[in-house]
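Asks: Please find one structure pasted underneath; my questions will follow.
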Amino acid sequence: MMSQVRSVFYQALRLTGPVMLGYFPMALAFGVLAADPLYASLSGLFVYAGASQFLSVKLLSTHASFYEIALSTFVLNVRHVFYGLQFKSEYSKLPWLQKCYSIFALTDETYAVLAAGLNRNPETTRPLVSWVSALNHLTWIAGCLFGAVLKQTAGLNLKGLDFLLVALFIVLLVENIKRSTQRGQMARDAGIAALVGITLAQNQIPAGLFIGMACMLVYGLWKTSHVGRGPATGAPLNDDPRLP
Amino acid sequence: MNIDLYQALICVLVMTAVTFAIRALPFLVRLPPGLTARLQAGQDLFPALFMSLLVIYCLGPLFPLSRLTLEAEWPLLLSSLVVFVVHWFSGRLLLSMGGGVVLHLILMNLL
């Protein structure tokens, strides 16, 4: 029993290690920006949404209204709806409490890791989801707290450290394209998404992101329209031979 | 930054509620099985599409390109290109992310 737990733990660590490596300095950057250990740790513990947390620091400094905070959070995080849609059947097999926590902890990076690493064996899927979610979350909280403490004690000022968020998204995008068996097609699709984003970003970014997400959902559904219509069904959930 | 504790706590509360509601929404609504199957079939496609949009979202200050300034936007553009190219060819996270972030920090603090 213990050896199985240990095996799944190491499997989760191997899967999500790169994300943890990216998360810690990114959360550290958030902590440095927030500069308040209590706010940084509470935000890391309960909000647990990187881009929104970075934005919250800016909103708090400008004394934004709660309506503005709620709307910005909604626009920034609405993409998570699509992540949940994809994991609906997997998560429905989890016990209630584990399911609630896993839903709460379904961030961009956790989604990317789980989309790549989930297999259909429920014996390992259940603990794997929890371990990946918990490892990422703990790393995030530790980074937030450590960054804020560092800022308060050492007066650390790292102008430009928030670039970590951009770097992490770029790395995840490259990983997604490289992992695909149809790399060229995937790169073309990502390019189309980028073009849509650039077109929408010309005016107002948050609204552009929202519209862009909707466009990509429609485009993705159109691309997978063959599924369920005949013998040629979509790719299985875990078709990458390199994955466990 | 000086944060008002009351405002900060309300901010955390509001953001937590909105974020969790968004994440939980797909588990609370019933979807036709066909649509669920299509979403699952797009397991490679959707992350790439969303990540592309997020990258563009984060690179928002770069657009339109004619507005680029040396102080803020050029470091962002250069560092992003470095991360992309290095990660594409090396696949090593520490090298690509670390290199890009260090370059960005140097450019931001020097220029």
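We name chains A, B, ... following the order of the structure tokens; residues begin at 1 in each chain, and ligands are numbered from 1 as shown.
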Please report as a Markdown table every residue of chain B lying within 6 Å of chain A, along with the nearest atom pair and their distance in Å (one decimal), using only C-alpha atoms.

Replies:
```
| residue | atom | partner | partner_atom | distance |
| --- | --- | --- | --- | --- |
| B:Val12 | CA | A:Ser43 | CA | 5.8 |
| B:Met15 | CA | A:Val47 | CA | 6.0 |
| B:Thr16 | CA | A:Val47 | CA | 4.5 |
| B:Phe20 | CA | A:Phe104 | CA | 5.7 |
| B:Ile22 | CA | A:Val81 | CA | 5.8 |
| B:Arg23 | CA | A:His80 | CA | 5.5 |
| B:Pro26 | CA | A:Leu85 | CA | 5.2 |
| B:Arg38 | CA | A:Thr224 | CA | 5.5 |
| B:Leu39 | CA | A:Gln86 | CA | 5.5 |
| B:Gln40 | CA | A:Gln86 | CA | 5.3 |
| B:Ala41 | CA | A:Gly234 | CA | 4.7 |
| B:Ala48 | CA | A:Leu173 | CA | 5.6 |
| B:Leu49 | CA | A:Ala190 | CA | 5.2 |
| B:Met51 | CA | A:Leu173 | CA | 5.4 |
| B:Ser52 | CA | A:Ala194 | CA | 5.4 |
| B:Leu53 | CA | A:Gly197 | CA | 5.5 |
| B:Val55 | CA | A:Phe169 | CA | 5.8 |
| B:Ile56 | CA | A:Gly197 | CA | 5.9 |
| B:Cys58 | CA | A:Val166 | CA | 5.8 |
| B:Phe63 | CA | A:Gln202 | CA | 5.9 |
| B:Met97 | CA | A:Ala167 | CA | 5.7 |
| B:Leu105 | CA | A:Gly160 | CA | 5.3 |
```

Asks: I'd like the contact shell of Ser41 of chain A - 7 Å cut-off, only C-alpha atoms, skipping same-chain residues fewer than 4 positions apart - returned as a list in words.

Replies: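 Everything that qualifies: Pro37, Leu45, Ile141, Cys144 and Leu145 of chain A.
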
Asks: Deliver the residues from the most recent selection as a file, using C-alpha atoms, as a PDB file, in the first residue's frame.

Replies:
```pdb
ATOM      1  CA  PRO A  37       2.783  38.092   4.036  1.00  0.00           C
ATOM      2  CA  LEU A  45      -4.160  29.548  -0.373  1.00  0.00           C
ATOM      3  CA  ILE A 141       1.567  29.017  -1.264  1.00  0.00           C
ATOM      4  CA  CYS A 144       3.789  33.573  -2.158  1.00  0.00           C
ATOM      5  CA  LEU A 145       4.632  33.577   1.544  1.00  0.00           C
TER       6      LEU A 145
END
```

Asks: Between atom CA of Tyr57 of chain B and atom CA of Ser79 of chain B, what is the distance, to one decimal in Å?

Replies: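 One can read the atom CA of Tyr57 of chain B to atom CA of Ser79 of chain B distance as 15.6 Å.
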
Asks: Rounded to one decimal, what separation in Å do you get between atom CA of Leu76 of chain B and atom CA of Arg92 of chain B?

Replies: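 Computing it gives 20.4 Å between the two atoms.
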
Asks: Could you tell me how far atom CA of Thr125 of chain A lies from atom CA of Glu90 of chain A, in Å and to one decimal?

Replies: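 Taking atom CA of Thr125 of chain A and atom CA of Glu90 of chain A, their separation equals 8.1 Å.
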
Asks: Could you give me the residues within segment 4-222 of chain A that DSSP places in alpha helix (DSSP H), as number ranges by chain?

Replies: A: 4-34, 37-42, 50-61, 66-77, 80-92, 96-104, 108-117, 122-154, 163-179, 183-201, 205-222

Asks: Report as JSON, numbers by chain all protein, DNA and RNA residues lying within 7 Å of segment 1-11 of chain A, evaluated on only C-alpha atoms, omitting residues in the same chain fewer than 3 positions from it.

Replies: {"A": [14, 15, 124, 127, 128, 131]}

Asks: Could you take the residues named above and write them with C-alpha atoms, as a PDB file, in the first residue's frame?

Replies:
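Wrote it out as selection25.pdb, contents follow:
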```pdb
ATOM      1  CA  ARG A  14       7.907  13.638 -12.232  1.00  0.00           C
ATOM      2  CA  LEU A  15       4.878  14.944 -14.106  1.00  0.00           C
ATOM      3  CA  THR A 124      -3.716   5.625 -10.142  1.00  0.00           C
ATOM      4  CA  PRO A 127      -4.313   9.781  -6.225  1.00  0.00           C
ATOM      5  CA  LEU A 128      -2.430  11.240  -9.206  1.00  0.00           C
ATOM      6  CA  TRP A 131      -0.929  14.691  -5.677  1.00  0.00           C
TER       7      TRP A 131
END
```
